[in-house]
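Presented below is the structure to which this report refers.
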Amino acid sequence: MKTTNVMIVGVGGQGSLLASKLLGRLLVDEGYDVKVSEVHGMSQRGGSVVTYVRFGDKVYSPLITEGEADYIISFEKLEAARWAPCLRPGGRIIVNTQEIDPMPVIIGQTEYPSDILEELTSKGAAIDAVDALSVALEAGSPKAVNIVLTRDLQSTLTSRTTNGSPPSKKRWRRNSPK
């Protein structure tokens with residue numbers, strides 16, 4: 001199986017690091033060679049966070065560069081736009097529709113862009129927009145946004161056709177929080 005590249009991006013405190021660790025663990029349990037890498041940046045100050053999860057028969061490096069990501073899971077819309085250049089042609093962005101104002105918006109220097117998803121689509125990106133916060137709140141906790149978005153990736157992975165086997169639905173259900 002070719003190496004599959006997943007970027008998980010968000011704002012500090014949203015649970016993207018936990019999501020990458022859970023995804024990595026699941027994939028290891030499925031028998032894949034997995035590499036996970038984290039870049040914290042200003043994550044503790046609400047800044048951008050990116051993690052890389054690469055899996056396949058043999059993975060040599062944990063990093064994903066521009067144009068290599070098969071999937072970007074974005075916990076926030078501006079982060080989807082920030083990391084979109086890393087998406088390969090034919091790749092897919094799974095994006096939470098939540099908007100978290102960055103500092104320039106908070107202090108009134110600029111406005112939050114209203115057309116982020118439309119612009120990404122016009123540039124050829126396949127977008128799955130998910131109101132993950134509402135689903136998480138329905139489930140009982142806003143902290144479950146990471147699980148909602150990871151489950152959306154699971155649905156995409158289990159429905160695709162590959163040379164190898166994607167993660168099994170049985171395994172995802174067994175490892176999902178109760």
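Chain identifiers are assigned as A, B, and so on, following the order in which chains appear in the structure tokens; residues are numbered from 1 within each chain, and ligands are numbered from 1 in order of appearance.
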Range 47-160 of chain A near range 12-27 of chain A within 6 Å: what's each residue's closest atom pair and its distance in Å to one decimal, counting only C-alpha atoms, ordered by chain then ascending residue number, as a tab-separated table?
```
residue	atom	partner	partner_atom	distance
A:Gly47	CA	A:Gly12	CA	5.5
A:Val49	CA	A:Gly12	CA	6.0
A:Asn146	CA	A:Ala19	CA	5.8
```
Any chance you could tabulate, as JSON lines, the residues of range 69-104 of chain A at most 6 Å from range 116-128 of chain A with each one's nearest atom pair and distance in Å to one decimal, using only C-alpha atoms, in chain and rising number order?
```
{"residue": "A:Arg92", "atom": "CA", "partner": "A:Ala126", "partner_atom": "CA", "distance": 4.8}
{"residue": "A:Ile93", "atom": "CA", "partner": "A:Ile127", "partner_atom": "CA", "distance": 4.9}
{"residue": "A:Ile94", "atom": "CA", "partner": "A:Asp128", "partner_atom": "CA", "distance": 4.7}
```
(request) Enumerate, as a count of residues only, the complete set of residues in range 102-164 of chain A that a backbone-based DSSP assignment places in strand (DSSP E or B). (result) 5
(request) Output as a ChimeraX atom specification all residues of range 56-85 of chain A that backbone DSSP marks as alpha helix (DSSP H). (result) /A:77-83
(request) May I ask for the distance between CA of Leu149 in chain A and CA of Val59 in chain A, given in Å to one decimal place? (result)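 Atom-to-atom, CA of Leu149 in chain A and CA of Val59 in chain A are spaced 23.9 Å apart.
Remark: for Thr65 in chain A, the closest of the candidate residues A:Cys86, A:Val36, A:Ala81, A:Val145 is A:Cys86 (distances computed over only C-alpha atoms).
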(request) For Lys58 in chain A, list every protein, DNA or RNA residue within 9 Å, evaluated using only C-alpha atoms, and leave out those in the same chain fewer than 6 positions away; present the list as a VMD selection string. (result) chain A and resid 1 to 3 32 to 34
Could you write out that same residue set with C-alpha atoms as a PDB file, in the first residue's frame?
```
ATOM      1  CA  MET A   1       0.000   0.000   0.000  1.00  0.00           C
ATOM      2  CA  LYS A   2       1.271   3.454  -0.814  1.00  0.00           C
ATOM      3  CA  THR A   3       1.895   5.816   2.061  1.00  0.00           C
ATOM      4  CA  TYR A  32       0.500  -0.240   9.406  1.00  0.00           C
ATOM      5  CA  ASP A  33       3.901   1.363   9.704  1.00  0.00           C
ATOM      6  CA  VAL A  34       3.014   4.773  11.175  1.00  0.00           C
TER       7      VAL A  34
END
```
(request) Using only C-alpha atoms, pick whichever of A:Val39, A:Ala139, A:Ile64, A:Leu157 has the shortest atom-to-atom distance to Arg88 in chain A. (result)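 The shortest atom-to-atom distance to Arg88 in chain A comes from A:Ile64.
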(request) Give me, please, the distance in Å between CA of Leu87 in chain A and CA of Gly10 in chain A, quoted to one decimal. (result)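 If I compute the distance from CA of Leu87 in chain A to CA of Gly10 in chain A, I get 15.4 Å.
Distances from A:Asp152, A:Asp115, A:Glu138, A:Glu68 to Met7 in chain A were compared using only C-alpha atoms, and the smallest one belongs to A:Glu68.
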